[in-house]
Amino acid sequence: MSRALVLVLTVAGWANAGTKVDLNGGIYPGFRIDRDGSSFTLMGAEAEITARVSSKTRDIVTAAFQLWAQPDMNDWSMGYHFGLAYAVVPLGLRLPQIKVGQAVIPFGLLADYDTHIQIVQTPFAKTLSQRIDLGAGLQGSIAQTAYALWVSNGTGPYRLDNDRNKVVTLRIAPKFLLGDAEMTWGVSGLAGTLPYWQLDSMMMAMDGPHFYRMKYRAALDNTTDWGPVTIRLEGVAGKDSALAGPMVYGYYGEVRWAVTDWLEPMVKYDCYHVADQGSHRSLAAGFTFTPLHQTTVNLQAFFQQDWMKTMMMNERLWNVATQVTVRF
């Protein structure tokens, strides 16, 4: 009898609930020049569907799903940017939310910074080799401190787990004001089996992984908004295969300055170092141009210089890239 009563009350609650559906999307054509020549590209075209089911007093569930057209990327690199499909169920006031599905791993800057629509990327492809993963977890905030716990397969979207190990990620991120600046500090920890490449084969990472290895990572990140200036910093350290293995570490810095409503110059620098293999560094400078009163359209451009130094290679690479972002 009690189960039947619960079922009746649940159905009645859903019947009285309202559903709001939002549709957003965008296309991201671009042009790139490097030492091998030039090419037009289509990073992707997508539609994002968000449905929120609410009663008169609270949200019941929020679901998000991403549809996309076939991009220039191959199947593996596509999983860095496309494949979001998750539901969020709030448990109540001051209680965490349950999140399940394919979502961004809440590690470091990935938790708050949407690299998907940016021409400049944080070094997640090197430090984690994954961005979107299938799993479940909790998220919420206590006062001004956000937190997230995520347990996932480690194989990316639309892929079954290939071993018995899961990737466990925890992030705690307090936010506070310091004078006129709003600062968010994040502390993240991650352990689990993820795709693995030797440093000198990382340039071929888009072809997909040949190996999966246990990774241990810790990160400290900061995002500071100070008037027209935005600063993002991230430091990552860890081990591969075993805690007794060689140290890997990386760091990332980015500064953006909104000079006007339509022009935002930026510069970024990152380095990834593996103790027994070498290092990969990159420096980029560019801008985002947004036409007046056209916030749905912008042009991003940068020049980037890369230095790859390993036992097998010592190369200097460069590229100039542009991307038009059209959002609706």
# chains A, B, ... in the order shown; residues from 1 in each chain; ligands from 1

call {"tool": "residues_around", "arguments": {"residues": "A:Met202", "least_positions_apart": "6", "cutoff": "10 Å", "atoms": "only C-alpha atoms", "output": "MDAnalysis selection string"}}
result
chainID A and resid 125:126 129 196 209 280

call {"tool": "select_by_dssp", "arguments": {"residues": "stretch 13-199 of chain A", "states": "helix (DSSP H, G or I)", "output": "short mmCIF file (atom, residue, chain, number, x, y, z; two decimals) with N, CA and C atoms, in the first residue's frame"}}
result
data_model
loop_
_atom_site.label_atom_id
_atom_site.label_comp_id
_atom_site.auth_asym_id
_atom_site.auth_seq_id
_atom_site.Cartn_x
_atom_site.Cartn_y
_atom_site.Cartn_z
N GLY A 13 2.53 14.56 -8.84
CA GLY A 13 3.49 15.66 -8.83
C GLY A 13 3.98 15.99 -10.22
N TRP A 14 4.26 14.95 -11.02
CA TRP A 14 4.70 15.20 -12.40
C TRP A 14 3.57 15.82 -13.24
N ALA A 15 2.35 15.40 -12.96
CA ALA A 15 1.22 15.94 -13.73
C ALA A 15 1.05 17.43 -13.48
N ASN A 16 1.31 17.86 -12.25
CA ASN A 16 1.16 19.27 -11.91
C ASN A 16 2.41 20.09 -12.21
N ASP A 75 36.85 10.72 -34.86
CA ASP A 75 35.97 10.29 -33.77
C ASP A 75 36.56 10.55 -32.40
N TRP A 76 37.89 10.41 -32.23
CA TRP A 76 38.44 10.56 -30.90
C TRP A 76 38.43 12.01 -30.43
N SER A 77 38.97 12.92 -31.22
CA SER A 77 39.03 14.31 -30.79
C SER A 77 37.64 14.92 -30.68
N MET A 78 36.68 14.38 -31.40
CA MET A 78 35.30 14.85 -31.29
C MET A 78 34.80 14.72 -29.85
N GLY A 79 35.27 13.68 -29.13
CA GLY A 79 34.84 13.45 -27.77
C GLY A 79 35.36 14.47 -26.78
N TYR A 80 36.34 15.28 -27.17
CA TYR A 80 36.79 16.37 -26.31
C TYR A 80 35.72 17.47 -26.20
N HIS A 81 34.92 17.62 -27.26
CA HIS A 81 34.02 18.77 -27.34
C HIS A 81 32.54 18.42 -27.43
N GLY A 108 40.05 21.10 -12.19
CA GLY A 108 40.73 22.33 -12.53
C GLY A 108 39.82 23.33 -13.22
N LEU A 109 40.38 24.03 -14.21
CA LEU A 109 39.61 25.05 -14.93
C LEU A 109 38.45 24.47 -15.74
N LEU A 110 38.51 23.17 -16.06
CA LEU A 110 37.42 22.57 -16.83
C LEU A 110 36.07 22.73 -16.14
N ALA A 111 36.08 22.78 -14.82
CA ALA A 111 34.82 22.83 -14.08
C ALA A 111 34.01 24.08 -14.37
N THR A 115 35.81 25.56 -22.45
CA THR A 115 36.82 25.56 -23.50
C THR A 115 36.23 25.17 -24.85
N HIS A 116 35.05 24.56 -24.84
CA HIS A 116 34.45 24.08 -26.07
C HIS A 116 34.27 25.17 -27.12
N ILE A 117 33.88 26.36 -26.72
CA ILE A 117 33.60 27.43 -27.68
C ILE A 117 34.80 28.35 -27.87
N PHE A 124 44.08 20.40 -20.92
CA PHE A 124 43.45 19.18 -20.43
C PHE A 124 43.78 17.97 -21.30
N ALA A 125 43.97 18.19 -22.62
CA ALA A 125 44.27 17.07 -23.52
C ALA A 125 45.59 16.40 -23.15
N LYS A 126 46.52 17.18 -22.56
CA LYS A 126 47.80 16.61 -22.16
C LYS A 126 47.77 16.11 -20.72
N THR A 127 47.16 16.86 -19.83
CA THR A 127 47.20 16.49 -18.41
C THR A 127 46.24 15.35 -18.08
N LEU A 199 54.96 11.34 -24.54
CA LEU A 199 54.97 12.75 -24.89
C LEU A 199 55.29 12.97 -26.36
#

call {"tool": "atom_distance", "arguments": {"atom1": "atom CA of A:Leu299", "atom2": "atom CA of A:Val324"}}
result
4.6 Å

call {"tool": "residues_around", "arguments": {"residues": "A:Arg164", "least_positions_apart": "3", "cutoff": "12 Å", "atoms": "only C-alpha atoms", "output": "PyMOL selection string"}}
result
chain A and resi 152-155+160-161+167+192-193+214

call {"tool": "write_last_selection", "arguments": {"atoms": "N, CA and C atoms", "output": "PDB file, in the first residue's frame"}}
result
ATOM      1  N   SER A 152      33.475   8.266 -13.034  1.00  0.00           N
ATOM      2  CA  SER A 152      33.202   8.046 -14.452  1.00  0.00           C
ATOM      3  C   SER A 152      34.068   6.923 -15.019  1.00  0.00           C
ATOM      4  N   ASN A 153      33.759   6.539 -16.271  1.00  0.00           N
ATOM      5  CA  ASN A 153      34.434   5.397 -16.903  1.00  0.00           C
ATOM      6  C   ASN A 153      35.895   5.661 -17.252  1.00  0.00           C
ATOM      7  N   GLY A 154      36.188   6.898 -17.731  1.00  0.00           N
ATOM      8  CA  GLY A 154      37.541   7.208 -18.182  1.00  0.00           C
ATOM      9  C   GLY A 154      37.783   6.917 -19.648  1.00  0.00           C
ATOM     10  N   THR A 155      36.748   6.560 -20.397  1.00  0.00           N
ATOM     11  CA  THR A 155      36.897   6.214 -21.809  1.00  0.00           C
ATOM     12  C   THR A 155      36.245   7.221 -22.751  1.00  0.00           C
ATOM     13  N   LEU A 160      31.883   2.240 -23.657  1.00  0.00           N
ATOM     14  CA  LEU A 160      31.783   1.443 -22.451  1.00  0.00           C
ATOM     15  C   LEU A 160      33.116   1.434 -21.715  1.00  0.00           C
ATOM     16  N   ASP A 161      33.059   1.157 -20.425  1.00  0.00           N
ATOM     17  CA  ASP A 161      34.272   1.040 -19.630  1.00  0.00           C
ATOM     18  C   ASP A 161      35.085  -0.150 -20.143  1.00  0.00           C
ATOM     19  N   VAL A 167      37.268   6.438 -12.798  1.00  0.00           N
ATOM     20  CA  VAL A 167      37.976   7.695 -12.539  1.00  0.00           C
ATOM     21  C   VAL A 167      37.174   8.460 -11.482  1.00  0.00           C
ATOM     22  N   GLY A 192      42.431   7.451 -11.525  1.00  0.00           N
ATOM     23  CA  GLY A 192      41.703   6.491 -12.335  1.00  0.00           C
ATOM     24  C   GLY A 192      42.401   6.220 -13.646  1.00  0.00           C
ATOM     25  N   THR A 193      41.859   5.273 -14.388  1.00  0.00           N
ATOM     26  CA  THR A 193      42.442   4.866 -15.666  1.00  0.00           C
ATOM     27  C   THR A 193      41.935   5.767 -16.782  1.00  0.00           C
ATOM     28  N   MET A 214      46.748   4.059 -15.330  1.00  0.00           N
ATOM     29  CA  MET A 214      46.316   4.719 -14.111  1.00  0.00           C
ATOM     30  C   MET A 214      46.979   6.089 -14.027  1.00  0.00           C
TER      31      MET A 214
END

call {"tool": "select_by_dssp", "arguments": {"residues": "stretch 102-188 of chain A", "states": "strand (DSSP E or B)", "output": "VMD selection string"}}
result
chain A and resid 102 to 104 132 to 142 145 to 152 167 to 178 181 to 188

call {"tool": "write_last_selection", "arguments": {"atoms": "N, CA and C atoms", "output": "compact mmCIF listing (two decimals), in the first residue's frame"}}
result
# COMPACT_ATOMS: atom_id res chain seq x y z
N GLN A 102 26.65 11.96 -19.46
CA GLN A 102 27.93 12.34 -20.06
C GLN A 102 28.15 13.83 -19.80
N ALA A 103 29.17 14.15 -19.00
CA ALA A 103 29.39 15.53 -18.59
C ALA A 103 30.88 15.81 -18.52
N VAL A 104 31.21 17.09 -18.37
CA VAL A 104 32.61 17.52 -18.28
C VAL A 104 33.17 17.09 -16.92
N ILE A 132 35.03 15.07 -21.60
CA ILE A 132 33.67 14.61 -21.36
C ILE A 132 33.72 13.11 -21.07
N ASP A 133 33.05 12.69 -20.00
CA ASP A 133 33.09 11.29 -19.61
C ASP A 133 31.74 10.87 -19.07
N LEU A 134 31.43 9.58 -19.20
CA LEU A 134 30.15 9.03 -18.75
C LEU A 134 30.26 8.58 -17.30
N GLY A 135 29.37 9.13 -16.45
CA GLY A 135 29.44 8.76 -15.05
C GLY A 135 28.30 9.35 -14.25
N ALA A 136 28.54 9.45 -12.94
CA ALA A 136 27.53 9.99 -12.02
C ALA A 136 28.25 10.64 -10.85
N GLY A 137 27.56 11.61 -10.22
CA GLY A 137 28.20 12.26 -9.09
C GLY A 137 27.28 13.24 -8.39
N LEU A 138 27.88 14.01 -7.50
CA LEU A 138 27.18 15.02 -6.73
C LEU A 138 27.81 16.38 -6.97
N GLN A 139 27.01 17.44 -6.90
CA GLN A 139 27.52 18.79 -7.00
C GLN A 139 26.63 19.71 -6.18
N GLY A 140 27.21 20.83 -5.74
CA GLY A 140 26.44 21.78 -4.95
C GLY A 140 27.35 22.85 -4.40
N SER A 141 26.87 23.58 -3.40
CA SER A 141 27.66 24.63 -2.78
C SER A 141 27.24 24.80 -1.33
N ILE A 142 28.19 25.17 -0.52
CA ILE A 142 27.97 25.51 0.88
C ILE A 142 28.49 26.92 1.08
N THR A 145 31.27 28.30 -1.27
CA THR A 145 32.19 27.25 -1.70
C THR A 145 31.45 26.20 -2.51
N ALA A 146 31.83 26.04 -3.78
CA ALA A 146 31.25 25.02 -4.64
C ALA A 146 32.04 23.72 -4.50
N TYR A 147 31.36 22.61 -4.71
CA TYR A 147 32.03 21.32 -4.65
C TYR A 147 31.44 20.39 -5.70
N ALA A 148 32.22 19.39 -6.11
CA ALA A 148 31.75 18.40 -7.08
C ALA A 148 32.50 17.09 -6.87
N LEU A 149 31.77 16.00 -6.92
CA LEU A 149 32.33 14.65 -6.87
C LEU A 149 31.82 13.91 -8.09
N TRP A 150 32.72 13.35 -8.89
CA TRP A 150 32.34 12.72 -10.15
C TRP A 150 33.05 11.38 -10.28
N VAL A 151 32.30 10.31 -10.56
CA VAL A 151 32.84 8.98 -10.78
C VAL A 151 32.47 8.57 -12.19
N SER A 152 33.47 8.27 -13.03
CA SER A 152 33.20 8.05 -14.45
C SER A 152 34.07 6.92 -15.02
N VAL A 167 37.27 6.44 -12.80
CA VAL A 167 37.98 7.70 -12.54
C VAL A 167 37.17 8.46 -11.48
N VAL A 168 37.82 8.79 -10.39
CA VAL A 168 37.18 9.52 -9.30
C VAL A 168 37.77 10.92 -9.25
N THR A 169 36.92 11.95 -9.34
CA THR A 169 37.35 13.34 -9.35
C THR A 169 36.62 14.11 -8.25
N LEU A 170 37.37 14.89 -7.50
CA LEU A 170 36.80 15.73 -6.44
C LEU A 170 37.36 17.14 -6.59
N ARG A 171 36.47 18.14 -6.52
CA ARG A 171 36.91 19.53 -6.60
C ARG A 171 36.17 20.36 -5.56
N ILE A 172 36.91 21.23 -4.88
CA ILE A 172 36.35 22.18 -3.92
C ILE A 172 36.82 23.56 -4.33
N ALA A 173 35.89 24.52 -4.45
CA ALA A 173 36.23 25.83 -5.03
C ALA A 173 35.54 26.96 -4.29
N PRO A 174 36.22 27.58 -3.32
CA PRO A 174 35.64 28.75 -2.65
C PRO A 174 35.76 30.01 -3.52
N LYS A 175 34.78 30.90 -3.39
CA LYS A 175 34.76 32.17 -4.12
C LYS A 175 34.67 33.31 -3.11
N PHE A 176 35.45 34.36 -3.35
CA PHE A 176 35.40 35.50 -2.43
C PHE A 176 35.82 36.77 -3.14
N LEU A 177 35.58 37.90 -2.51
CA LEU A 177 35.95 39.21 -3.03
C LEU A 177 37.23 39.68 -2.36
N LEU A 178 38.12 40.24 -3.16
CA LEU A 178 39.34 40.86 -2.65
C LEU A 178 39.42 42.26 -3.27
N ALA A 181 38.15 42.81 -6.95
CA ALA A 181 38.34 41.58 -7.71
C ALA A 181 37.52 40.44 -7.13
N GLU A 182 36.89 39.66 -8.01
CA GLU A 182 36.19 38.44 -7.61
C GLU A 182 37.09 37.26 -7.94
N MET A 183 37.40 36.45 -6.95
CA MET A 183 38.36 35.37 -7.12
C MET A 183 37.72 34.03 -6.78
N THR A 184 38.02 33.03 -7.61
CA THR A 184 37.63 31.65 -7.34
C THR A 184 38.88 30.80 -7.31
N TRP A 185 39.10 30.11 -6.20
CA TRP A 185 40.22 29.19 -6.07
C TRP A 185 39.67 27.77 -6.08
N GLY A 186 40.29 26.90 -6.86
CA GLY A 186 39.84 25.52 -6.92
C GLY A 186 40.95 24.55 -6.56
N VAL A 187 40.63 23.53 -5.78
CA VAL A 187 41.54 22.45 -5.47
C VAL A 187 40.90 21.16 -5.97
N SER A 188 41.63 20.42 -6.82
CA SER A 188 41.07 19.22 -7.44
C SER A 188 41.99 18.03 -7.23

call {"tool": "residues_around", "arguments": {"residues": "stretch 246-263 of chain A", "least_positions_apart": "2", "cutoff": "6 Å", "atoms": "only C-alpha atoms", "output": "PyMOL selection string"}}
result
chain A and resi 228-239+265-275+288-291

call {"tool": "write_last_selection", "arguments": {"atoms": "N, CA and C atoms", "output": "PDB file, in the first residue's frame"}}
result
ATOM      1  N   PRO A 228      37.802  44.946 -16.240  1.00  0.00           N
ATOM      2  CA  PRO A 228      37.824  44.404 -17.592  1.00  0.00           C
ATOM      3  C   PRO A 228      38.832  43.275 -17.788  1.00  0.00           C
ATOM      4  N   VAL A 229      39.591  42.933 -16.750  1.00  0.00           N
ATOM      5  CA  VAL A 229      40.654  41.931 -16.864  1.00  0.00           C
ATOM      6  C   VAL A 229      40.196  40.610 -16.257  1.00  0.00           C
ATOM      7  N   THR A 230      40.455  39.522 -16.988  1.00  0.00           N
ATOM      8  CA  THR A 230      40.209  38.166 -16.485  1.00  0.00           C
ATOM      9  C   THR A 230      41.521  37.393 -16.519  1.00  0.00           C
ATOM     10  N   ILE A 231      41.861  36.783 -15.397  1.00  0.00           N
ATOM     11  CA  ILE A 231      43.093  36.001 -15.274  1.00  0.00           C
ATOM     12  C   ILE A 231      42.714  34.575 -14.906  1.00  0.00           C
ATOM     13  N   ARG A 232      43.281  33.612 -15.633  1.00  0.00           N
ATOM     14  CA  ARG A 232      43.069  32.204 -15.314  1.00  0.00           C
ATOM     15  C   ARG A 232      44.429  31.523 -15.142  1.00  0.00           C
ATOM     16  N   LEU A 233      44.567  30.783 -14.054  1.00  0.00           N
ATOM     17  CA  LEU A 233      45.810  30.085 -13.752  1.00  0.00           C
ATOM     18  C   LEU A 233      45.484  28.652 -13.339  1.00  0.00           C
ATOM     19  N   GLU A 234      46.376  27.741 -13.707  1.00  0.00           N
ATOM     20  CA  GLU A 234      46.200  26.347 -13.297  1.00  0.00           C
ATOM     21  C   GLU A 234      47.555  25.670 -13.192  1.00  0.00           C
ATOM     22  N   GLY A 235      47.762  24.936 -12.122  1.00  0.00           N
ATOM     23  CA  GLY A 235      48.943  24.112 -11.949  1.00  0.00           C
ATOM     24  C   GLY A 235      48.527  22.690 -11.672  1.00  0.00           C
ATOM     25  N   VAL A 236      49.145  21.724 -12.366  1.00  0.00           N
ATOM     26  CA  VAL A 236      48.787  20.310 -12.238  1.00  0.00           C
ATOM     27  C   VAL A 236      50.054  19.501 -11.991  1.00  0.00           C
ATOM     28  N   ALA A 237      49.979  18.543 -11.078  1.00  0.00           N
ATOM     29  CA  ALA A 237      51.089  17.636 -10.817  1.00  0.00           C
ATOM     30  C   ALA A 237      50.529  16.244 -10.575  1.00  0.00           C
ATOM     31  N   GLY A 238      51.335  15.223 -10.839  1.00  0.00           N
ATOM     32  CA  GLY A 238      50.858  13.860 -10.610  1.00  0.00           C
ATOM     33  C   GLY A 238      51.836  12.806 -11.061  1.00  0.00           C
ATOM     34  N   LYS A 239      51.315  11.580 -11.129  1.00  0.00           N
ATOM     35  CA  LYS A 239      52.097  10.417 -11.537  1.00  0.00           C
ATOM     36  C   LYS A 239      51.276   9.600 -12.514  1.00  0.00           C
ATOM     37  N   PRO A 265      41.794  41.589 -26.288  1.00  0.00           N
ATOM     38  CA  PRO A 265      43.078  40.907 -26.521  1.00  0.00           C
ATOM     39  C   PRO A 265      43.316  39.852 -25.446  1.00  0.00           C
ATOM     40  N   MET A 266      44.138  38.849 -25.768  1.00  0.00           N
ATOM     41  CA  MET A 266      44.462  37.807 -24.806  1.00  0.00           C
ATOM     42  C   MET A 266      45.857  37.255 -25.099  1.00  0.00           C
ATOM     43  N   VAL A 267      46.447  36.663 -24.065  1.00  0.00           N
ATOM     44  CA  VAL A 267      47.713  35.958 -24.192  1.00  0.00           C
ATOM     45  C   VAL A 267      47.667  34.753 -23.258  1.00  0.00           C
ATOM     46  N   LYS A 268      48.273  33.646 -23.681  1.00  0.00           N
ATOM     47  CA  LYS A 268      48.292  32.455 -22.827  1.00  0.00           C
ATOM     48  C   LYS A 268      49.620  31.721 -23.005  1.00  0.00           C
ATOM     49  N   TYR A 269      50.010  31.026 -21.945  1.00  0.00           N
ATOM     50  CA  TYR A 269      51.241  30.222 -21.961  1.00  0.00           C
ATOM     51  C   TYR A 269      50.978  28.949 -21.173  1.00  0.00           C
ATOM     52  N   ASP A 270      51.437  27.813 -21.710  1.00  0.00           N
ATOM     53  CA  ASP A 270      51.318  26.580 -20.939  1.00  0.00           C
ATOM     54  C   ASP A 270      52.521  25.685 -21.190  1.00  0.00           C
ATOM     55  N   CYS A 271      52.770  24.800 -20.229  1.00  0.00           N
ATOM     56  CA  CYS A 271      53.875  23.848 -20.309  1.00  0.00           C
ATOM     57  C   CYS A 271      53.428  22.534 -19.690  1.00  0.00           C
ATOM     58  N   TYR A 272      53.825  21.429 -20.336  1.00  0.00           N
ATOM     59  CA  TYR A 272      53.574  20.104 -19.790  1.00  0.00           C
ATOM     60  C   TYR A 272      54.898  19.352 -19.805  1.00  0.00           C
ATOM     61  N   HIS A 273      55.282  18.798 -18.655  1.00  0.00           N
ATOM     62  CA  HIS A 273      56.601  18.191 -18.505  1.00  0.00           C
ATOM     63  C   HIS A 273      56.468  16.793 -17.907  1.00  0.00           C
ATOM     64  N   VAL A 274      57.150  15.817 -18.522  1.00  0.00           N
ATOM     65  CA  VAL A 274      57.222  14.448 -18.005  1.00  0.00           C
ATOM     66  C   VAL A 274      58.680  14.173 -17.676  1.00  0.00           C
ATOM     67  N   ALA A 275      58.947  13.766 -16.442  1.00  0.00           N
ATOM     68  CA  ALA A 275      60.318  13.721 -15.937  1.00  0.00           C
ATOM     69  C   ALA A 275      61.271  12.923 -16.809  1.00  0.00           C
ATOM     70  N   THR A 288      39.648  38.523 -29.351  1.00  0.00           N
ATOM     71  CA  THR A 288      38.259  38.225 -29.696  1.00  0.00           C
ATOM     72  C   THR A 288      37.600  39.527 -30.116  1.00  0.00           C
ATOM     73  N   PHE A 289      37.021  39.532 -31.313  1.00  0.00           N
ATOM     74  CA  PHE A 289      36.343  40.709 -31.859  1.00  0.00           C
ATOM     75  C   PHE A 289      34.850  40.423 -31.894  1.00  0.00           C
ATOM     76  N   THR A 290      34.067  41.240 -31.206  1.00  0.00           N
ATOM     77  CA  THR A 290      32.616  41.098 -31.156  1.00  0.00           C
ATOM     78  C   THR A 290      31.965  42.360 -31.717  1.00  0.00           C
ATOM     79  N   PRO A 291      31.281  42.274 -32.858  1.00  0.00           N
ATOM     80  CA  PRO A 291      30.632  43.475 -33.418  1.00  0.00           C
ATOM     81  C   PRO A 291      29.655  44.082 -32.418  1.00  0.00           C
TER      82      PRO A 291
END

call {"tool": "closest_residue", "arguments": {"among": "A:Tyr113, A:Thr122, A:Gly227, A:Pro29", "to": "A:Ala284", "atoms": "only C-alpha atoms"}}
result
A:Thr122

call {"tool": "closest_residue", "arguments": {"among": "A:Leu220, A:Leu84, A:Met203, A:Ala51", "to": "A:Gly156", "atoms": "only C-alpha atoms"}}
result
A:Leu84
